[in-house]
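**Q** Below is one structure. I have some questions about it.
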Amino acid sequence: MRRLALLIAALLIAAPGEMLTGTVVDASGQPVEGARVRLRTSPSFVLTDAQGRFTLADPSTTPDAEITAALPGHIIGGAIVKHGIRAYRIQLPPIPAGDDPTYPWVTAFPEDDQAPRTDFGREPCGACHRRALTEWQESAHARSATNPRFLAFLDGSRRLAAGKVNSEGCGTCHVPMAPDDDPRRLADVAKEGIGCDFCHKIVEARPGTGNVTGVRAVELRRPPFGRQTVFGPFDDVPRGRDAFAPVFTESRYCAACHQARSGAGAIYSEFEEWQESRYVAAGITCQSCHMRGDGKATTMTELGPGRVARNPATLSSHRFHDSRTPDLLGQAVETAMTAHRDGEALVVTVEITNRGAGHRLPAGSPLRHMLLSLNAETDGRPLAMIDGPTLPSWAGAGLRGKPGRAYAKLFLDPASPGHPSLPWADANAVTDTRIRAGERDRSTWRFRLGVPGETRVEARLLVRRGFPEWAALLSIGTEDIAVATQRATLRH
Ligand code: HEC
Ligand code: HEC
Ligand code: HEC
Ligand code: HEC
Ligand code: HEC
């Protein structure tokens, strides 16, 4: 079958005007097998055979057509298609060997609004990639080193009775560009948190575990002095310093920081939760949801030689959409409420479905939680609850003890049951009441119906970034986000 295909290919090559052929070789001239070859920006590619050969349809209708070839571990190569020439030889330059820890990270921020006059590899990434810069600046990644909430727990947790933070290792994920990943050494570019250059020097990643997390769980390839290499998801950027790294489109890329398992349980667990979801089989990755592009941009950079127009569907957003992105939460959570009379009782049922998050809901830091609170009253007078769940004391003033339900991953201190303890402190037990991807939670309450009248029921769902008690002690906000409200009215 394969022979036949090759024979047909050979015949087609022989027919002038229909096919382009060529060979892909490495720096020493040896054929490269399995390289991805395509006409730049075309949606499909072919793989080279054991002799490094490929065959492509002739793009004679497109001016400026370019053939590109890429294999992980090499710089992307290319050849401009010339009229009348049917056979091409493409060489893949090597990536500078090893990882140079003395490499000075390149900043994201252009000094002024001028276009770069040169392009020798140390120009701020945002000087050309304007859209990516704006999006990233709005993301949590751009603030990971300076986020007051992070700093409060890093240094200020002494003010909490809940335990002492073991701050060794925080910097590996929050401040990965700091020397020795020390979160307090915020010189220069390290302040930029999880920056462009850091992410685009990653060639491999594995889920964080124990104290091998963040920068320690990724493989970096920083070039030696005077050279530049940028790694990314595209295999058709033949500018001489870009390299294709398949890990960029895979969830395990994010898992180096969005997964961390140690003694008592997983402090960060989006990756393992995603792994047990149906999104894996559907090929839906972290990037599919959190880096979904706007569908409008047609270039990956606004400036710079060698850029081309691309299908908007192939480009991503660096906003790293989160619960502050309008509608993200609202569309991910479905709520439904029913209320009916059963003798002298009012029966209320609330269902919450995690229909859009690729992991449990809510996700993220172990301080984050979701609270459902219920209010039932007849003509303005609250009804007494007969049975049903209530909100825990850590829900804070105004909510604790009320009819409702809390969804949280809690690190518990056996010494003071029911109270959350610091997730980053030593061994604790963990309980998890969050809603798995695609699943539904259903809770029922019964209230005593008193005098006849108009009874109103209201269910409110909110997501919180932290426990009010700690937030007050550390002078940080809890950033409540109202997710949904359901109302019902009953006359009896
Ligand atoms: C947290 C890591 C991370 C950070 C920070 C980051 N990137 Fe990316 N970048 C990625 C990933 C992952 C992809 C691939 C996305 C995909 O395949 O959907 C990507 C894709 C790209 C692409 C390819 C074009 C596109 O739209 O997919 C460019 C260009 C790029 N990034 C530039 C930048 C610049 C410039 C910055 C800083 C302003 C930056 N990146 C910050 C991880 C990062
Ligand atoms: C002088 C302008 C300029 C600067 C500065 C610049 N880039 Fe780019 N970058 C480009 C152009 C042009 C392309 C190719 C665009 C295309 O193929 O459409 C590109 C492509 C990329 C890609 C895609 C590579 C791939 O194979 O997926 C990534 C990722 C990227 N740049 C990241 C960065 C990062 C990180 C920095 C800072 C260290 C940076 N760029 C600085 C102009 C620039
Ligand atoms: C180098 C470590 C690192 C990598 C790699 C990384 N992240 Fe993050 N990410 C963080 C840290 C640390 C934060 C928290 C920043 C903060 O809130 O101060 C964060 C925050 C986020 C948030 C926002 C959470 C919030 O609190 O609102 C999202 C969404 C996110 N990351 C998605 C991703 C995705 C998707 C990828 C993979 C393409 C990724 N991250 C790769 C470390 C990383
Ligand atoms: C099917 C789409 C989808 C996939 C796949 C997905 N997420 Fe999410 N993610 C969401 C939605 C929607 C939310 C908002 C709900 C929430 O806060 O829990 C969210 C929330 C988050 C948050 C908390 C941010 C915030 O502000 O609420 C982080 C961090 C995060 N995701 C990381 C990841 C990582 C890492 C992966 C891959 C292992 C991933 N996500 C896969 C849709 C997705
Ligand atoms: C494995 C990587 C990793 C390590 C190690 C790590 N973090 Fe995080 N941290 C994250 C990620 C990812 C997020 C974003 C999750 C979210 O907020 O949705 C985050 C979020 C946070 C938040 C919530 C920020 C906010 O605005 O809501 C705090 C506080 C925090 N981390 C403190 C710490 C402290 C203190 C340490 C060290 C004891 C630490 N982290 C170690 C990855 C890490």
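Just remember, in the structure tokens the first chain shown is A, the second B, etc., residues are 1-based per chain, and ligands are 1-based in the order shown.
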Just the strand (DSSP E) stuff from segment 279-447 of chain A, please, per backbone DSSP, written as a ChimeraX atom specification.
**A** /A:333-342,345-354,369-378,381-382,385-387,404-412,429-432,440-447
**Q** Using only C-alpha atoms and all ligand atoms, which residues have at least one atom no more than 6 Å from ligand 2? Output them as a list in words.
**A**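 The residues within 6 Å of ligand 2, counting only C-alpha atoms and all ligand atoms, are Val106, Asp119, Glu123, Pro124, Cys125, Ala127, Cys128, Cys196, Asp197, His200, Val230, Phe231, Gly232, Pro233, Phe234, Asp235, Val237, Asp242, Ala243, Phe244, Thr299, Met300, Thr301, Leu303, Gly304, Pro305, Gly306, Arg307 and Val308 of chain A.
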**Q** Which residues, written as a PyMOL selection string, have at least one atom at most 7 Å from segment 446-456 of chain A, with only C-alpha atoms counted and residues fewer than 6 positions away on the same chain left out?
**A** chain A and resi 344-348+376-379+383-388+488-492
**Q** Given the choices A:Trp424, A:Tyr279, A:Phe225, A:Phe271, which gets closest to ligand 3 if the distance is worked out from only C-alpha atoms and all ligand atoms?
**A** A:Phe271
**Q** Looking at A:Phe153, A:Phe120, A:Tyr268, A:Phe109, which one is nearest to Cys173 of chain A, with distances taken over only C-alpha atoms?
**A** A:Tyr268
